[in-house]
>>> print(open('coords11.tsv').read())   # TSV, C-alpha atoms and all ligand atoms
chain	number	residue	atom	x	y	z
A	731	MET	CA	21.18	55.26	40.72
A	732	ARG	CA	17.44	54.67	40.71
A	733	ILE	CA	15.25	53.26	37.97
A	734	LEU	CA	11.61	54.25	38.08
A	735	ALA	CA	9.02	52.63	35.81
A	736	VAL	CA	5.71	54.34	35.08
A	737	VAL	CA	3.20	51.59	34.46
A	738	ASN	CA	-0.50	50.95	33.93
A	739	GLN	CA	-2.13	48.54	31.51
A	740	LYS	CA	-4.81	51.16	30.92
A	741	GLY	CA	-4.04	53.60	28.13
A	742	GLY	CA	-4.45	57.35	28.27
A	743	VAL	CA	-4.03	57.68	32.04
A	744	GLY	CA	-1.11	60.11	31.78
A	745	LYS	CA	1.93	57.80	31.94
A	746	SER	CA	3.88	59.67	29.28
A	747	ASN	CA	2.93	63.02	30.77
A	748	VAL	CA	4.21	61.91	34.18
A	749	VAL	CA	7.47	60.54	32.75
A	750	MET	CA	8.35	63.65	30.72
A	751	ASN	CA	7.39	66.17	33.42
A	752	LEU	CA	8.69	64.36	36.49
A	753	ALA	CA	11.97	64.00	34.59
A	754	ALA	CA	12.01	67.75	33.93
A	755	VAL	CA	11.65	68.60	37.61
A	756	ALA	CA	14.13	65.93	38.73
A	757	ALA	CA	16.67	67.20	36.20
A	758	ALA	CA	17.14	70.38	38.26
A	759	HIS	CA	19.15	68.34	40.78
A	760	SER	CA	20.00	65.02	39.11
A	761	ARG	CA	21.37	63.52	35.94
A	762	VAL	CA	18.24	62.09	34.36
A	763	LEU	CA	17.60	59.74	31.45
A	764	VAL	CA	14.14	59.08	30.01
A	765	LEU	CA	13.65	55.84	28.11
A	766	ASP	CA	10.60	55.48	25.89
A	767	ALA	CA	9.85	51.75	25.91
A	768	ASP	CA	6.38	52.29	24.43
A	769	HIS	CA	7.06	51.51	20.79
A	770	LEU	CA	3.30	51.25	20.16
A	771	GLN	CA	2.41	54.88	20.96
A	772	GLN	CA	5.85	56.52	21.02
A	773	THR	CA	4.29	59.53	22.74
A	774	ALA	CA	7.45	60.47	24.59
A	775	THR	CA	9.52	60.06	21.43
A	776	SER	CA	7.24	62.38	19.42
A	777	TRP	CA	7.38	64.82	22.33
A	778	ALA	CA	11.19	64.74	22.37
A	779	GLU	CA	11.24	65.19	18.59
A	780	ALA	CA	8.92	68.20	18.89
A	781	ALA	CA	11.28	69.68	21.47
A	782	GLU	CA	14.24	69.20	19.18
A	783	ALA	CA	12.40	70.62	16.14
A	784	ALA	CA	11.48	73.72	18.16
A	785	GLY	CA	15.06	74.15	19.41
A	786	LYS	CA	13.96	73.58	23.02
A	787	ALA	CA	16.51	71.18	24.44
A	788	LEU	CA	15.01	68.84	27.04
A	789	PRO	CA	16.74	69.24	30.42
A	790	TYR	CA	17.55	65.51	30.42
A	791	ASP	CA	18.77	62.81	28.08
A	792	PHE	CA	16.25	60.85	26.09
A	793	ASP	CA	16.28	57.58	24.17
A	794	ALA	CA	13.70	55.27	22.61
A	795	VAL	CA	14.43	51.65	23.54
A	796	ASP	CA	12.20	48.71	22.76
A	797	ASP	CA	14.91	46.05	22.70
A	798	VAL	CA	14.45	43.66	25.63
A	799	ALA	CA	18.21	43.01	25.79
A	800	VAL	CA	18.95	46.73	26.19
A	801	LEU	CA	16.16	47.21	28.75
A	802	SER	CA	17.63	44.32	30.74
A	803	GLN	CA	20.90	46.22	30.97
A	804	MET	CA	19.57	49.67	31.90
A	805	ARG	CA	21.48	49.63	35.15
A	806	GLU	CA	24.70	49.83	33.21
A	807	PHE	CA	23.77	53.40	32.21
A	808	ASP	CA	25.47	54.44	35.42
A	809	GLU	CA	26.24	58.00	34.40
A	810	TYR	CA	22.67	58.81	35.50
A	811	ASP	CA	21.16	59.33	38.96
A	812	LEU	CA	17.65	58.58	37.77
A	813	ILE	CA	16.23	56.67	34.83
A	814	LEU	CA	12.50	57.05	34.11
A	815	VAL	CA	10.92	54.46	31.85
A	816	ASP	CA	7.71	55.04	29.90
A	817	THR	CA	5.90	51.79	29.17
A	818	PRO	CA	3.16	50.50	26.86
A	819	GLY	CA	-0.40	50.69	28.19
A	820	THR	CA	-1.22	47.02	27.68
A	821	LEU	CA	-0.42	43.60	29.11
A	822	ALA	CA	-0.68	41.98	25.66
A	823	ASP	CA	1.59	38.96	25.15
A	824	SER	CA	3.68	40.92	22.65
A	825	GLU	CA	4.54	43.51	25.34
A	826	LEU	CA	5.07	41.24	28.34
A	827	PRO	CA	8.75	40.44	27.65
A	828	ARG	CA	9.43	44.17	27.49
A	829	LEU	CA	7.44	44.94	30.65
A	830	ASN	CA	9.10	42.04	32.48
A	831	ALA	CA	12.58	43.26	31.51
A	832	ILE	CA	11.73	46.78	32.68
A	833	LEU	CA	10.26	45.70	36.00
A	834	ASP	CA	13.00	43.16	36.69
A	835	ASN	CA	15.40	46.09	36.57
A	836	SER	CA	13.35	48.81	38.29
A	837	ASP	CA	13.62	50.07	41.86
A	838	PHE	CA	10.26	51.77	42.11
A	839	VAL	CA	6.96	51.81	40.22
A	840	VAL	CA	4.57	54.72	39.74
A	841	LEU	CA	1.07	53.76	38.61
A	842	PRO	CA	-0.95	56.72	37.34
A	843	ILE	CA	-4.73	56.35	37.31
A	844	GLU	CA	-7.58	58.66	36.46
A	845	PRO	CA	-10.08	59.21	39.27
A	846	LYS	CA	-12.82	57.13	37.67
A	847	PHE	CA	-14.70	54.10	38.93
A	848	ASN	CA	-13.42	51.92	36.07
A	849	SER	CA	-9.76	52.71	36.85
A	850	ILE	CA	-9.45	50.44	39.85
A	851	ARG	CA	-9.81	47.02	38.26
A	852	PRO	CA	-7.09	47.45	35.59
A	853	LEU	CA	-4.87	49.09	38.21
A	854	VAL	CA	-5.19	46.13	40.58
A	855	THR	CA	-4.58	43.68	37.72
A	856	THR	CA	-1.41	45.56	36.75
A	857	ILE	CA	-0.19	45.57	40.36
A	858	ASP	CA	-1.01	41.89	40.89
A	859	ARG	CA	0.59	40.74	37.66
A	860	LEU	CA	3.66	42.95	37.39
A	861	VAL	CA	4.47	44.69	40.66
A	862	ARG	CA	3.51	42.56	43.70
A	863	PRO	CA	5.20	39.33	42.50
A	864	ARG	CA	8.49	41.21	42.41
A	865	GLY	CA	8.04	42.85	45.79
A	866	LEU	CA	8.73	46.23	44.20
A	867	PRO	CA	7.86	49.36	46.15
A	868	TYR	CA	5.18	51.37	44.39
A	869	ARG	CA	2.65	54.18	44.70
A	870	VAL	CA	-0.54	54.89	42.81
A	871	LEU	CA	-0.66	58.44	41.45
A	872	LEU	CA	-3.93	60.22	40.74
A	873	SER	CA	-3.51	61.83	37.34
A	874	ARG	CA	-5.68	64.08	35.17
A	875	VAL	CA	-7.55	65.17	38.31
A	876	ARG	CA	-10.15	67.75	37.40
A	877	ARG	CA	-10.05	70.86	39.54
A	878	ASP	CA	-13.79	71.55	39.69
A	879	GLU	CA	-15.99	70.40	42.56
A	880	PRO	CA	-17.13	67.09	40.95
A	881	GLY	CA	-13.52	66.38	39.97
A	882	ARG	CA	-12.27	66.89	43.51
A	883	LYS	CA	-15.10	64.75	44.87
A	884	ARG	CA	-14.21	61.94	42.50
A	885	ARG	CA	-10.58	62.29	43.52
A	886	ASP	CA	-11.48	61.90	47.20
A	887	GLU	CA	-13.69	58.89	46.46
A	888	THR	CA	-10.88	57.23	44.51
A	889	ILE	CA	-8.43	57.85	47.35
A	890	ALA	CA	-10.93	56.31	49.78
A	891	THR	CA	-11.22	53.23	47.56
A	892	LEU	CA	-7.43	52.88	47.37
A	893	ASP	CA	-7.24	53.16	51.17
A	894	GLU	CA	-9.90	50.47	51.56
A	895	LEU	CA	-7.95	48.20	49.23
A	896	GLY	CA	-4.71	48.92	51.08
A	897	GLN	CA	-3.11	50.28	47.91
A	898	PRO	CA	-0.37	52.84	48.68
A	899	HIS	CA	-0.80	56.16	46.92
A	900	PHE	CA	0.94	59.51	46.70
A	901	GLN	CA	-0.48	62.49	48.56
A	902	SER	CA	0.37	64.66	45.54
A	903	ASP	CA	-1.89	64.60	42.48
A	904	VAL	CA	-1.32	65.53	38.86
A	905	ARG	CA	-4.23	67.80	38.09
A	906	GLU	CA	-5.76	68.33	34.67
A	907	TYR	CA	-4.42	71.41	32.91
A	908	THR	CA	-4.79	72.39	29.26
A	909	VAL	CA	-1.08	73.25	29.19
A	910	HIS	CA	-0.32	69.53	29.58
A	911	GLU	CA	-2.39	68.73	26.48
A	912	ASP	CA	-0.38	71.13	24.31
A	913	ALA	CA	3.05	70.08	25.58
A	914	PRO	CA	3.64	66.94	23.46
A	915	MET	CA	3.08	69.05	20.34
A	916	THR	CA	5.13	72.11	21.34
A	917	GLY	CA	7.93	70.08	22.94
A	918	ASP	CA	7.68	71.98	26.23
A	919	VAL	CA	7.98	70.32	29.61
A	920	VAL	CA	6.53	71.59	32.85
A	921	THR	CA	9.67	73.61	33.67
A	922	THR	CA	9.42	75.48	30.34
A	923	TYR	CA	5.65	75.92	29.90
A	924	PRO	CA	4.82	79.45	28.72
A	925	PRO	CA	3.78	81.55	31.75
A	926	SER	CA	0.15	81.15	32.77
A	927	ARG	CA	-1.80	80.28	35.88
A	928	GLY	CA	-2.14	76.71	34.61
A	929	ALA	CA	1.61	76.47	34.08
A	930	ILE	CA	2.21	77.43	37.72
A	931	GLY	CA	-0.28	74.83	38.98
A	932	ALA	CA	1.17	72.17	36.71
A	933	LEU	CA	4.72	72.88	37.91
A	934	ASP	CA	3.58	72.84	41.55
A	935	ASP	CA	2.10	69.37	41.07
A	936	PHE	CA	5.33	67.91	39.72
A	937	LYS	CA	7.48	69.65	42.33
A	938	SER	CA	5.29	68.17	45.08
A	939	LEU	CA	5.48	64.76	43.46
A	940	ALA	CA	9.28	64.92	43.21
A	941	LEU	CA	9.55	66.01	46.85
A	942	GLU	CA	7.28	63.21	47.97
A	943	LEU	CA	9.30	60.65	46.03
A	944	ASN	CA	12.51	61.97	47.55
A	945	SER	CA	11.11	61.67	51.04
A	946	ILE	CA	9.93	58.10	50.32
A	947	TRP	CA	13.43	57.26	49.14
A	948	ALA	CA	15.05	59.07	52.06
A	949	ASN	CA	12.98	56.81	54.34
A	950	GLY	CA	14.21	53.61	52.76
A	951	GLY	CA	12.18	53.60	49.55
A	952	LYS	CA	9.35	51.30	50.65
B	1001	LIG	N1	-2.59	66.21	33.81
B	1001	LIG	C1	-3.09	66.30	32.57
B	1001	LIG	N2	-3.84	67.37	32.21
B	1001	LIG	C2	-4.36	67.47	30.97
B	1001	LIG	N3	-4.18	66.57	30.00
B	1001	LIG	C3	-3.44	65.47	30.29
B	1001	LIG	C4	-2.85	65.28	31.58
B	1001	LIG	N4	-2.17	64.11	31.56
B	1001	LIG	C5	-2.32	63.61	30.32
B	1001	LIG	N5	-3.07	64.41	29.55
B	1001	LIG	C6	-3.49	64.19	28.17
B	1001	LIG	O1	-4.18	62.95	28.12
B	1001	LIG	C7	-3.79	62.18	27.01
B	1001	LIG	C8	-3.16	60.87	27.48
B	1001	LIG	O2	-1.98	61.19	28.22
B	1001	LIG	P1	-0.67	60.30	28.07
B	1001	LIG	O3	-0.33	60.12	26.65
B	1001	LIG	O4	0.35	60.89	28.98
B	1001	LIG	O5	-1.23	58.94	28.69
B	1001	LIG	P2	-0.58	57.47	28.60
B	1001	LIG	O6	-1.04	56.74	29.82
B	1001	LIG	O7	0.86	57.57	28.36
B	1001	LIG	O8	-1.32	56.86	27.33
B	1001	LIG	P3	-0.85	55.58	26.45
B	1001	LIG	O9	-1.12	54.38	27.30
B	1001	LIG	O10	-1.73	55.69	25.26
B	1001	LIG	O11	0.61	55.73	26.18
B	1001	LIG	C9	-2.84	63.06	26.20
B	1001	LIG	O12	-3.59	63.74	25.23
B	1001	LIG	C10	-2.30	64.02	27.24
B	1001	LIG	O13	-1.89	65.24	26.67
B	1002	MG	MG	2.05	56.85	26.90
>>> encode(input="coords11.tsv", output="C-alpha cells", more="lines below")
Ligand SMILES: Nc1ncnc2c1ncn2[C@@H]1O[C@H](COP(=O)(O)OP(=O)(O)OP(=O)(O)O)[C@@H](O)[C@H]1O
Ligand SMILES: [Mg+2]
Amino acid sequence: MRILAVVNQKGGVGKSNVVMNLAAVAAAHSRVLVLDADHLQQTATSWAEAAEAAGKALPYDFDAVDDVAVLSQMREFDEYDLILVDTPGTLADSELPRLNAILDNSDFVVLPIEPKFNSIRPLVTTIDRLVRPRGLPYRVLLSRVRRDEPGRKRRDETIATLDELGQPHFQSDVREYTVHEDAPMTGDVVTTYPPSRGAIGALDDFKSLALELNSIWANGGK
C-alpha cells in the first residue's frame, strides 16, 4: 500500500483538484481511498457531497479526517492499494500537528504549483520544512497551466527554474480547463466529465500523471 500526500503551503494551487482526479484515474486499477485532511477549506468533502447529492458515486472511497490520531494510523487502512491525502494550504501552527502526522506516514509527496514567479518561494519553504527533513521522495507538479502561448512560456520558465534549483518535477502537467472549475460543484471527476474537448485534455493529463507516478514507483520510488 502507498500513501501519497498532496502538499503546498500556498492555497489555490490545485491540491484538491489533483487529489480528487488522480484518485479517479488510479481507481481504474487500484483500491483507492481519499482522505480530506483540510478541515479549513473542506473542498474535497464538498466535492464528494456534491457527487453523492447528484447520485454520481465516486469511483473510490472517501473520508474527511482531521484527527491527528487517526491520520497517524492511516497505514492500518490496509484494504487499500493507494491512499491520497488532501492537506491544508498553510503551515500555521494550528495545522502543523496534522501536517506532521500526514507526512510521517506518507510514502510520497506531490507538490502542485502554479507556473508563476511567486510560486517558487513558498514551494521551497514547504519542501524544506516538511519534506526534505523526512527524506521523503517527492515531485513538483505544474498545475493550472494555461494552454495559450504565454501560459506555455511561463510553464517552460518555471520548469527551468526548478531544474536550476535541483527540484525534481513531473514531466506531466495539469493544464487549466474550465471543466475542472465546474467539477467540485457538479460532483464529477475527470473520468466522468461530460464529453467535450476540454474533458479529453483533462483526462489525458491525469492519465499521464498516473503513468509517470507508476513508473517512478516501478523504479524504486525515489
Ligand atoms: N487544472 C485546473 N484547471 C482549471 N481550474 C482549476 C484547475 N485546478 C484547480 N482549479 C480551480 O482553482 C481553484 C483552486 O483549486 P483547488 O481548490 O484544487 O486548490 P487548493 O490548492 O486545494 O486550494 P486550497 O489550498 O484553498 O485548498 C478552484 O476553483 C479549482 O476549481
Ligand atoms: Mg484544497
>>> closest_residue(input="coords11.tsv", among="A:Leu871, A:Ala932, A:Leu941, A:Ala758", to="Pro789 of chain A", atoms="all atoms listed in the file")
A:Ala758
>>> closest_atom_pairs(input="coords11.tsv", of="chain A", to="ligand MG 1002 (chain B)", cutoff="6 Å", atoms="only C-alpha atoms and all ligand atoms", output="tab-separated table")
residue	atom	partner	partner_atom	distance
A:Lys745	CA	B:MG1002	MG	5.1
A:Ser746	CA	B:MG1002	MG	4.1
A:Thr773	CA	B:MG1002	MG	5.4
>>> closest_residue(input="coords11.tsv", among="A:Asp791, A:Asp816, A:Asp837, A:Glu942", to="ligand LIG 1001 (chain B)", atoms="all atoms listed in the file")
A:Asp816
>>> axis_aligned_box(input="coords11.tsv", around="segment 862-867 of chain A", padding_each_side="4 Å", output="AutoDock Vina command-line options")
--center_x 6.1 --center_y 44.3 --center_z 44.3 --size_x 13.2 --size_y 18.0 --size_z 11.7
>>> closest_residue(input="coords11.tsv", among="A:Val854, A:Leu860, A:Leu829, A:Val919", to="Phe936 of chain A", atoms="only C-alpha atoms")
A:Val919
>>> residues_around(input="coords11.tsv", residues="Leu943 of chain A", least_positions_apart="5", cutoff="12 Å", atoms="only C-alpha atoms", output="compact mmCIF listing (two decimals) with C-alpha atoms, in the coordinates of the input")
# COMPACT_ATOMS: atom_id res chain seq x y z
CA ARG A 732 17.44 54.67 40.71
CA LEU A 734 11.61 54.25 38.08
CA LEU A 752 8.69 64.36 36.49
CA VAL A 755 11.65 68.60 37.61
CA ALA A 756 14.13 65.93 38.73
CA LEU A 812 17.65 58.58 37.77
CA PHE A 838 10.26 51.77 42.11
CA VAL A 839 6.96 51.81 40.22
CA VAL A 840 4.57 54.72 39.74
CA PRO A 867 7.86 49.36 46.15
CA TYR A 868 5.18 51.37 44.39
CA ARG A 869 2.65 54.18 44.70
CA VAL A 870 -0.54 54.89 42.81
CA LEU A 871 -0.66 58.44 41.45
CA HIS A 899 -0.80 56.16 46.92
CA PHE A 900 0.94 59.51 46.70
CA GLN A 901 -0.48 62.49 48.56
CA SER A 902 0.37 64.66 45.54
CA PHE A 936 5.33 67.91 39.72
CA LYS A 937 7.48 69.65 42.33
CA SER A 938 5.29 68.17 45.08
CA ALA A 948 15.05 59.07 52.06
CA ASN A 949 12.98 56.81 54.34
CA GLY A 950 14.21 53.61 52.76
CA GLY A 951 12.18 53.60 49.55
CA LYS A 952 9.35 51.30 50.65
>>> decode(input="coords11.tsv", residues="segment 875-914 of chain A", atoms="N, CA and C atoms", output="CSV table (one decimal), in the first residue's frame")
chain,number,residue,atom,x,y,z
A,875,VAL,N,-1.9,25.0,-15.6
A,875,VAL,CA,-1.0,25.5,-16.7
A,875,VAL,C,-1.9,26.0,-17.8
A,876,ARG,N,-1.8,27.3,-18.1
A,876,ARG,CA,-2.6,27.8,-19.2
A,876,ARG,C,-2.1,27.3,-20.5
A,877,ARG,N,-3.0,27.1,-21.5
A,877,ARG,CA,-2.6,26.4,-22.7
A,877,ARG,C,-2.3,27.4,-23.8
A,878,ASP,N,-2.4,28.7,-23.6
A,878,ASP,CA,-2.1,29.6,-24.6
A,878,ASP,C,-0.5,29.8,-24.6
A,879,GLU,N,-0.1,30.6,-25.6
A,879,GLU,CA,1.4,30.8,-25.8
A,879,GLU,C,2.0,31.4,-24.5
A,880,PRO,N,1.5,32.5,-23.9
A,880,PRO,CA,2.2,33.0,-22.7
A,880,PRO,C,2.1,32.0,-21.6
A,881,GLY,N,1.1,31.2,-21.5
A,881,GLY,CA,1.0,30.2,-20.4
A,881,GLY,C,2.0,29.1,-20.6
A,882,ARG,N,2.2,28.7,-21.9
A,882,ARG,CA,3.2,27.6,-22.1
A,882,ARG,C,4.6,28.2,-21.8
A,883,LYS,N,4.8,29.4,-22.2
A,883,LYS,CA,6.1,30.1,-22.0
A,883,LYS,C,6.4,30.1,-20.4
A,884,ARG,N,5.4,30.5,-19.7
A,884,ARG,CA,5.6,30.6,-18.2
A,884,ARG,C,5.9,29.2,-17.7
A,885,ARG,N,5.2,28.2,-18.2
A,885,ARG,CA,5.4,26.8,-17.8
A,885,ARG,C,6.9,26.5,-18.0
A,886,ASP,N,7.4,26.8,-19.2
A,886,ASP,CA,8.8,26.4,-19.5
A,886,ASP,C,9.8,27.1,-18.6
A,887,GLU,N,9.5,28.4,-18.3
A,887,GLU,CA,10.4,29.2,-17.4
A,887,GLU,C,10.4,28.6,-16.0
A,888,THR,N,9.2,28.2,-15.6
A,888,THR,CA,9.1,27.6,-14.2
A,888,THR,C,9.8,26.3,-14.1
A,889,ILE,N,9.7,25.5,-15.2
A,889,ILE,CA,10.5,24.2,-15.2
A,889,ILE,C,12.0,24.5,-15.2
A,890,ALA,N,12.4,25.5,-15.9
A,890,ALA,CA,13.8,25.9,-16.0
A,890,ALA,C,14.3,26.3,-14.6
A,891,THR,N,13.5,27.0,-13.9
A,891,THR,CA,13.8,27.5,-12.5
A,891,THR,C,13.9,26.2,-11.6
A,892,LEU,N,13.0,25.3,-11.7
A,892,LEU,CA,13.0,24.1,-10.9
A,892,LEU,C,14.3,23.3,-11.1
A,893,ASP,N,14.6,23.2,-12.4
A,893,ASP,CA,15.9,22.5,-12.8
A,893,ASP,C,17.1,23.2,-12.2
A,894,GLU,N,17.1,24.5,-12.3
A,894,GLU,CA,18.3,25.2,-11.7
A,894,GLU,C,18.4,25.0,-10.2
A,895,LEU,N,17.2,24.9,-9.5
A,895,LEU,CA,17.2,24.7,-8.1
A,895,LEU,C,17.4,23.2,-7.7
A,896,GLY,N,17.4,22.4,-8.7
A,896,GLY,CA,17.6,20.9,-8.4
A,896,GLY,C,16.3,20.3,-7.8
A,897,GLN,N,15.2,20.9,-8.1
A,897,GLN,CA,13.9,20.4,-7.5
A,897,GLN,C,13.3,19.4,-8.5
A,898,PRO,N,13.1,18.2,-8.1
A,898,PRO,CA,12.5,17.2,-9.0
A,898,PRO,C,11.1,17.5,-9.4
A,899,HIS,N,10.7,17.4,-10.7
A,899,HIS,CA,9.4,17.7,-11.1
A,899,HIS,C,8.9,16.6,-12.0
A,900,PHE,N,7.5,16.5,-12.1
A,900,PHE,CA,6.9,15.6,-13.1
A,900,PHE,C,7.2,16.2,-14.5
A,901,GLN,N,7.2,15.3,-15.5
A,901,GLN,CA,7.1,15.7,-16.9
A,901,GLN,C,5.7,16.1,-17.3
A,902,SER,N,4.7,15.4,-16.7
A,902,SER,CA,3.3,15.7,-17.0
A,902,SER,C,2.9,17.0,-16.2
A,903,ASP,N,2.0,17.7,-16.9
A,903,ASP,CA,1.4,18.9,-16.2
A,903,ASP,C,-0.1,18.7,-16.0
A,904,VAL,N,-0.7,19.5,-15.2
A,904,VAL,CA,-2.2,19.5,-15.1
A,904,VAL,C,-2.5,20.9,-15.7
A,905,ARG,N,-3.1,20.9,-16.9
A,905,ARG,CA,-3.4,22.1,-17.6
A,905,ARG,C,-4.7,22.7,-17.1
A,906,GLU,N,-4.9,24.0,-17.4
A,906,GLU,CA,-6.1,24.7,-16.9
A,906,GLU,C,-7.2,24.4,-17.9
A,907,TYR,N,-8.3,23.9,-17.4
A,907,TYR,CA,-9.5,23.6,-18.2
A,907,TYR,C,-10.7,24.0,-17.4
A,908,THR,N,-11.7,24.7,-18.0
A,908,THR,CA,-12.9,25.1,-17.4
A,908,THR,C,-13.6,23.9,-16.7
A,909,VAL,N,-13.6,22.8,-17.4
A,909,VAL,CA,-14.3,21.6,-16.8
A,909,VAL,C,-13.8,21.3,-15.4
A,910,HIS,N,-12.5,21.6,-15.1
A,910,HIS,CA,-12.1,21.4,-13.7
A,910,HIS,C,-12.8,22.3,-12.7
A,911,GLU,N,-13.0,23.6,-13.2
A,911,GLU,CA,-13.6,24.6,-12.3
A,911,GLU,C,-15.1,24.1,-11.9
A,912,ASP,N,-15.8,23.5,-12.8
A,912,ASP,CA,-17.2,23.1,-12.5
A,912,ASP,C,-17.2,21.9,-11.6
A,913,ALA,N,-16.2,21.0,-11.7
A,913,ALA,CA,-16.3,19.7,-11.1
A,913,ALA,C,-16.7,19.7,-9.6
A,914,PRO,N,-16.1,20.6,-8.8
A,914,PRO,CA,-16.4,20.5,-7.4
A,914,PRO,C,-17.9,20.7,-7.1
